[in-house]
>>> print(open('target-v8.pdb').read())   # PDB, C-alpha atoms
ATOM      1  CA  MET A   1       0.000   0.000   0.000  1.00  0.00           C
ATOM      2  CA  GLU A   2       2.884   2.367   0.789  1.00  0.00           C
ATOM      3  CA  TRP A   3       4.408   2.044  -2.668  1.00  0.00           C
ATOM      4  CA  ILE A   4       1.064   3.049  -4.266  1.00  0.00           C
ATOM      5  CA  MET A   5       0.976   6.240  -2.189  1.00  0.00           C
ATOM      6  CA  VAL A   6       4.612   7.093  -2.996  1.00  0.00           C
ATOM      7  CA  ALA A   7       4.188   6.382  -6.711  1.00  0.00           C
ATOM      8  CA  SER A   8       0.929   8.373  -6.837  1.00  0.00           C
ATOM      9  CA  LEU A   9       2.479  11.414  -5.147  1.00  0.00           C
ATOM     10  CA  VAL A  10       5.510  11.337  -7.435  1.00  0.00           C
ATOM     11  CA  LEU A  11       3.390  10.905 -10.585  1.00  0.00           C
ATOM     12  CA  ILE A  12       0.954  13.656  -9.594  1.00  0.00           C
ATOM     13  CA  GLY A  13       3.869  15.954  -8.824  1.00  0.00           C
ATOM     14  CA  LEU A  14       5.561  15.153 -12.117  1.00  0.00           C
ATOM     15  CA  THR A  15       2.319  15.748 -13.995  1.00  0.00           C
ATOM     16  CA  LEU A  16       1.816  19.117 -12.324  1.00  0.00           C
ATOM     17  CA  ILE A  17       5.367  20.208 -13.141  1.00  0.00           C
ATOM     18  CA  VAL A  18       4.926  19.266 -16.810  1.00  0.00           C
ATOM     19  CA  VAL A  19       1.560  21.060 -16.876  1.00  0.00           C
ATOM     20  CA  GLU A  20       3.220  24.156 -15.380  1.00  0.00           C
ATOM     21  CA  ILE A  21       5.949  24.243 -17.986  1.00  0.00           C
ATOM     22  CA  ILE A  22       3.831  23.458 -21.030  1.00  0.00           C
ATOM     23  CA  PHE A  23       0.315  24.714 -20.409  1.00  0.00           C
ATOM     24  CA  VAL A  24       0.440  27.467 -17.763  1.00  0.00           C
ATOM     25  CA  PRO A  25       3.951  28.926 -17.863  1.00  0.00           C
ATOM     26  CA  GLY A  26       4.594  31.840 -15.576  1.00  0.00           C
ATOM     27  CA  THR A  27       2.081  31.036 -12.864  1.00  0.00           C
ATOM     28  CA  THR A  28       4.558  28.984 -10.752  1.00  0.00           C
ATOM     29  CA  LEU A  29       1.820  27.890  -8.334  1.00  0.00           C
ATOM     30  CA  VAL A  30       1.108  24.674 -10.236  1.00  0.00           C
ATOM     31  CA  GLY A  31       4.825  23.895 -10.513  1.00  0.00           C
ATOM     32  CA  VAL A  32       5.466  24.563  -6.819  1.00  0.00           C
ATOM     33  CA  VAL A  33       2.568  22.310  -5.818  1.00  0.00           C
ATOM     34  CA  GLY A  34       3.922  19.607  -8.147  1.00  0.00           C
ATOM     35  CA  PHE A  35       7.405  19.954  -6.672  1.00  0.00           C
ATOM     36  CA  VAL A  36       5.955  19.653  -3.140  1.00  0.00           C
ATOM     37  CA  PHE A  37       4.040  16.516  -4.151  1.00  0.00           C
ATOM     38  CA  MET A  38       7.249  14.988  -5.500  1.00  0.00           C
ATOM     39  CA  LEU A  39       9.186  15.916  -2.336  1.00  0.00           C
ATOM     40  CA  VAL A  40       6.509  14.414  -0.113  1.00  0.00           C
ATOM     41  CA  GLY A  41       6.518  11.238  -2.212  1.00  0.00           C
ATOM     42  CA  VAL A  42      10.301  10.923  -2.014  1.00  0.00           C
ATOM     43  CA  GLY A  43      10.235  11.763   1.707  1.00  0.00           C
ATOM     44  CA  LEU A  44       7.662   9.064   2.361  1.00  0.00           C
ATOM     45  CA  SER A  45       9.751   6.576   0.400  1.00  0.00           C
ATOM     46  CA  PHE A  46      12.667   7.255   2.784  1.00  0.00           C
ATOM     47  CA  ARG A  47      10.320   6.689   5.704  1.00  0.00           C
ATOM     48  CA  TYR A  48       8.694   3.502   4.365  1.00  0.00           C
ATOM     49  CA  PHE A  49      11.602   1.868   2.490  1.00  0.00           C
ATOM     50  CA  GLY A  50      14.727   3.187   4.216  1.00  0.00           C
ATOM     51  CA  ASN A  51      17.737   4.946   2.699  1.00  0.00           C
ATOM     52  CA  SER A  52      18.231   2.665  -0.279  1.00  0.00           C
ATOM     53  CA  GLY A  53      14.562   2.779  -1.266  1.00  0.00           C
ATOM     54  CA  GLY A  54      14.404   6.537  -0.733  1.00  0.00           C
ATOM     55  CA  TRP A  55      17.469   7.250  -2.867  1.00  0.00           C
ATOM     56  CA  MET A  56      16.194   4.892  -5.548  1.00  0.00           C
ATOM     57  CA  THR A  57      12.846   6.714  -5.576  1.00  0.00           C
ATOM     58  CA  ALA A  58      14.608  10.088  -5.713  1.00  0.00           C
ATOM     59  CA  GLY A  59      16.789   8.948  -8.626  1.00  0.00           C
ATOM     60  CA  VAL A  60      13.869   7.490 -10.546  1.00  0.00           C
ATOM     61  CA  SER A  61      11.854  10.664  -9.905  1.00  0.00           C
ATOM     62  CA  VAL A  62      14.611  12.935 -11.210  1.00  0.00           C
ATOM     63  CA  LEU A  63      15.158  10.679 -14.229  1.00  0.00           C
ATOM     64  CA  ALA A  64      11.408  10.536 -14.950  1.00  0.00           C
ATOM     65  CA  ALA A  65      11.114  14.313 -14.622  1.00  0.00           C
ATOM     66  CA  GLY A  66      14.015  14.853 -17.009  1.00  0.00           C
ATOM     67  CA  LEU A  67      12.627  12.382 -19.555  1.00  0.00           C
ATOM     68  CA  ALA A  68       9.111  13.807 -19.321  1.00  0.00           C
ATOM     69  CA  LEU A  69      10.365  17.344 -19.898  1.00  0.00           C
ATOM     70  CA  TYR A  70      12.686  16.267 -22.722  1.00  0.00           C
ATOM     71  CA  PHE A  71       9.960  14.408 -24.597  1.00  0.00           C
ATOM     72  CA  SER A  72       7.327  17.080 -23.984  1.00  0.00           C
ATOM     73  CA  PHE A  73       9.614  19.695 -25.557  1.00  0.00           C
ATOM     74  CA  LYS A  74      10.759  17.352 -28.331  1.00  0.00           C
ATOM     75  CA  ALA A  75       7.154  16.570 -29.252  1.00  0.00           C
ATOM     76  CA  GLY A  76       6.723  20.169 -30.406  1.00  0.00           C
ATOM     77  CA  VAL A  77       4.061  21.095 -27.902  1.00  0.00           C
ATOM     78  CA  TRP A  78       5.255  24.723 -28.003  1.00  0.00           C
ATOM     79  CA  GLU A  79       4.629  24.849 -31.750  1.00  0.00           C
ATOM     80  CA  ARG A  80       0.913  24.375 -31.227  1.00  0.00           C
ATOM     81  CA  PHE A  81       0.722  27.211 -28.715  1.00  0.00           C
ATOM     82  CA  SER A  82       2.996  29.771 -30.346  1.00  0.00           C
ATOM     83  CA  LEU A  83       1.903  32.535 -32.677  1.00  0.00           C
ATOM     84  CA  LYS A  84       3.423  32.175 -36.129  1.00  0.00           C
ATOM     85  CA  THR A  85       1.873  35.113 -37.956  1.00  0.00           C
ATOM     86  CA  THR A  86       2.259  38.827 -37.616  1.00  0.00           C
ATOM     87  CA  ILE A  87      -0.120  41.667 -38.336  1.00  0.00           C
ATOM     88  CA  ASP A  88       1.548  44.343 -40.404  1.00  0.00           C
ATOM     89  CA  SER A  89      -1.500  46.354 -41.427  1.00  0.00           C
ATOM     90  CA  LYS A  90      -2.492  49.720 -40.019  1.00  0.00           C
ATOM     91  CA  VAL A  91      -5.792  51.226 -38.959  1.00  0.00           C
ATOM     92  CA  ASN A  92      -7.773  52.687 -41.889  1.00  0.00           C
ATOM     93  CA  GLU A  93      -4.965  51.716 -44.291  1.00  0.00           C
ATOM     94  CA  GLY A  94      -6.006  52.410 -47.866  1.00  0.00           C
ATOM     95  CA  LEU A  95      -9.439  53.662 -46.805  1.00  0.00           C
ATOM     96  CA  VAL A  96      -8.628  57.263 -45.923  1.00  0.00           C
ATOM     97  CA  GLU A  97      -8.316  58.357 -49.553  1.00  0.00           C
ATOM     98  CA  SER A  98     -12.079  58.112 -50.009  1.00  0.00           C
ATOM     99  CA  ILE A  99     -12.783  60.533 -47.128  1.00  0.00           C
ATOM    100  CA  ALA A 100     -12.296  64.284 -47.354  1.00  0.00           C
ATOM    101  CA  ALA A 101     -12.285  67.039 -44.751  1.00  0.00           C
ATOM    102  CA  GLY A 102     -15.852  68.218 -44.122  1.00  0.00           C
ATOM    103  CA  THR A 103     -17.418  64.760 -44.549  1.00  0.00           C
ATOM    104  CA  GLU A 104     -20.171  64.246 -42.009  1.00  0.00           C
ATOM    105  CA  GLY A 105     -21.106  61.064 -40.199  1.00  0.00           C
ATOM    106  CA  VAL A 106     -22.141  59.576 -36.883  1.00  0.00           C
ATOM    107  CA  ALA A 107     -20.146  58.085 -34.010  1.00  0.00           C
ATOM    108  CA  LEU A 108     -20.870  54.356 -33.727  1.00  0.00           C
ATOM    109  CA  SER A 109     -19.087  54.023 -30.393  1.00  0.00           C
ATOM    110  CA  ALA A 110     -18.148  56.454 -27.674  1.00  0.00           C
ATOM    111  CA  LEU A 111     -15.158  58.537 -28.818  1.00  0.00           C
ATOM    112  CA  ARG A 112     -12.873  58.800 -25.784  1.00  0.00           C
ATOM    113  CA  PRO A 113     -11.010  60.279 -27.621  1.00  0.00           C
ATOM    114  CA  SER A 114     -10.903  57.562 -30.278  1.00  0.00           C
ATOM    115  CA  GLY A 115     -13.478  55.073 -31.448  1.00  0.00           C
ATOM    116  CA  LYS A 116     -15.510  53.971 -34.453  1.00  0.00           C
ATOM    117  CA  ALA A 117     -17.621  56.143 -36.683  1.00  0.00           C
ATOM    118  CA  GLU A 118     -19.628  55.746 -39.856  1.00  0.00           C
ATOM    119  CA  LEU A 119     -18.610  58.092 -42.677  1.00  0.00           C
ATOM    120  CA  ASP A 120     -20.057  57.679 -46.188  1.00  0.00           C
ATOM    121  CA  GLU A 121     -21.684  54.370 -45.155  1.00  0.00           C
ATOM    122  CA  LYS A 122     -18.322  52.809 -44.140  1.00  0.00           C
ATOM    123  CA  THR A 123     -16.904  52.232 -40.674  1.00  0.00           C
ATOM    124  CA  TYR A 124     -13.632  53.964 -39.755  1.00  0.00           C
ATOM    125  CA  GLU A 125     -11.456  54.362 -36.687  1.00  0.00           C
ATOM    126  CA  VAL A 126     -11.592  58.070 -35.819  1.00  0.00           C
ATOM    127  CA  ARG A 127     -10.137  60.382 -33.190  1.00  0.00           C
ATOM    128  CA  THR A 128     -11.258  63.637 -31.577  1.00  0.00           C
ATOM    129  CA  MET A 129      -8.993  66.466 -30.451  1.00  0.00           C
ATOM    130  CA  GLY A 130      -9.490  65.335 -26.841  1.00  0.00           C
ATOM    131  CA  ASN A 131     -13.264  65.691 -26.587  1.00  0.00           C
ATOM    132  CA  TYR A 132     -15.320  62.796 -25.312  1.00  0.00           C
ATOM    133  CA  LEU A 133     -18.334  62.130 -27.522  1.00  0.00           C
ATOM    134  CA  GLU A 134     -21.118  59.636 -26.921  1.00  0.00           C
ATOM    135  CA  ALA A 135     -22.227  57.062 -29.489  1.00  0.00           C
ATOM    136  CA  GLY A 136     -24.778  58.506 -31.910  1.00  0.00           C
ATOM    137  CA  THR A 137     -23.233  61.996 -31.933  1.00  0.00           C
ATOM    138  CA  ARG A 138     -23.148  63.655 -35.357  1.00  0.00           C
ATOM    139  CA  ILE A 139     -19.534  64.406 -36.345  1.00  0.00           C
ATOM    140  CA  ARG A 140     -17.563  66.119 -39.120  1.00  0.00           C
ATOM    141  CA  VAL A 141     -14.059  65.296 -40.394  1.00  0.00           C
ATOM    142  CA  MET A 142     -11.652  68.128 -39.521  1.00  0.00           C
ATOM    143  CA  GLN A 143      -8.478  66.722 -41.072  1.00  0.00           C
ATOM    144  CA  ILE A 144      -6.796  63.518 -42.163  1.00  0.00           C
ATOM    145  CA  LEU A 145      -3.260  62.705 -41.019  1.00  0.00           C
ATOM    146  CA  ALA A 146      -1.397  59.531 -42.080  1.00  0.00           C
ATOM    147  CA  ASN A 147      -4.279  57.042 -41.743  1.00  0.00           C
ATOM    148  CA  GLN A 148      -5.756  58.991 -38.841  1.00  0.00           C
ATOM    149  CA  ILE A 149      -9.107  60.733 -39.180  1.00  0.00           C
ATOM    150  CA  ILE A 150      -9.599  63.693 -36.817  1.00  0.00           C
ATOM    151  CA  VAL A 151     -13.240  64.603 -36.166  1.00  0.00           C
ATOM    152  CA  GLU A 152     -15.221  67.205 -34.262  1.00  0.00           C
ATOM    153  CA  PRO A 153     -18.843  67.223 -33.088  1.00  0.00           C
ATOM    154  CA  LEU A 154     -21.417  69.037 -35.179  1.00  0.00           C
ATOM    155  CA  THR A 155     -22.974  71.870 -33.229  1.00  0.00           C
TER     156      THR A 155
END
>>> encode(input="target-v8.pdb", output="structure tokens")
Amino acid sequence: MEWIMVASLVLIGLTLIVVEIIFVPGTTLVGVVGFVFMLVGVGLSFRYFGNSGGWMTAGVSVLAAGLALYFSFKAGVWERFSLKTTIDSKVNEGLVESIAAGTEGVALSALRPSGKAELDEKTYEVRTMGNYLEAGTRIRVMQILANQIIVEPLT
């Protein structure tokens, strides 16, 4: 019965350490709990099986942890979780040419100071000069700067 408890603690600890490294990196709580489980399992093996059994359990645990980590990294688990594409577009890129100063529209979202607006039946990302405008406010384009549309409220 003792060997089942020791093996269970070591396996649970090893599983938690692998989960920490592969699935929830940076949290450290899962890894620390796994390390504690492994230490308790090895400690109990010293208590139940003496020095030789304890050192054998410790060696097997370290070897199993090393092999588990090696094969989990070799299996390419990181490849499934890593981002492989980049976004190189800009806001309103290529759309600003169709809008001119003086064009009127309506704010679709709150402009604090930036947000979305509808101008000439198209949606654009717009910016105010610092004013906060509520959604539904009628606006007018003041100027266009490098893919940035500056608007003001209609009074």
>>> atom_distance(input="target-v8.pdb", atom1="CA of Gly105 in chain A", atom2="CA of Ile87 in chain A")
28.6 Å
>>> resolve_selection(input="target-v8.pdb", expression="the PyMOL selection byres ((chain A and resi 66-69) around 12)", output="list in words")
Leu11, Gly13, Leu14, Thr15, Leu16, Ile17, Val18, Val19, Glu20, Ile21, Ile22, Gly59, Val60, Ser61, Val62, Leu63, Ala64, Ala65, Tyr70, Phe71, Ser72, Phe73, Lys74, Ala75, Gly76 and Val77 of chain A
>>> axis_aligned_box(input="target-v8.pdb", around="range 116-121 of chain A", padding_each_side="5 Å", output="JSON")
{"center_x": -18.6, "center_y": 56.0, "center_z": -40.3, "size_x": 16.2, "size_y": 14.1, "size_z": 21.7}
>>> atom_distance(input="target-v8.pdb", atom1="CA of Asn131 in chain A", atom2="CA of Ala107 in chain A")
12.7 Å
>>> atom_distance(input="target-v8.pdb", atom1="CA of Met129 in chain A", atom2="CA of Leu154 in chain A")
13.5 Å
>>> residues_around(input="target-v8.pdb", residues="Leu108 in chain A", least_positions_apart="2", cutoff="7 Å", atoms="all atoms listed in the file", output="PyMOL selection string")
chain A and resi 106+110+116-118+135-136
>>> resolve_selection(input="target-v8.pdb", expression="the PyMOL selection byres ((chain A and resi 42) around 9)", output="list in words")
Val6, Ala7, Leu9, Val10, Phe37, Met38, Leu39, Val40, Gly41, Gly43, Leu44, Ser45, Phe46, Arg47, Gly54, Trp55, Thr57, Ala58 and Ser61 of chain A
>>> resolve_selection(input="target-v8.pdb", expression="the PyMOL selection byres ((chain A and resi 113) around 6)", output="list in words")
Leu111, Arg112, Ser114, Arg127, Thr128, Gly130, Asn131 and Tyr132 of chain A
>>> residues_around(input="target-v8.pdb", residues="Thr103 in chain A", least_positions_apart="3", cutoff="9 Å", atoms="all atoms listed in the file", output="VMD selection string")
chain A and resid 99 to 100 119 to 120 139 to 142
>>> closest_residue(input="target-v8.pdb", among="A:Thr86, A:Gln143, A:Thr137, A:Thr27", to="Gly102 in chain A", atoms="all atoms listed in the file")
A:Gln143
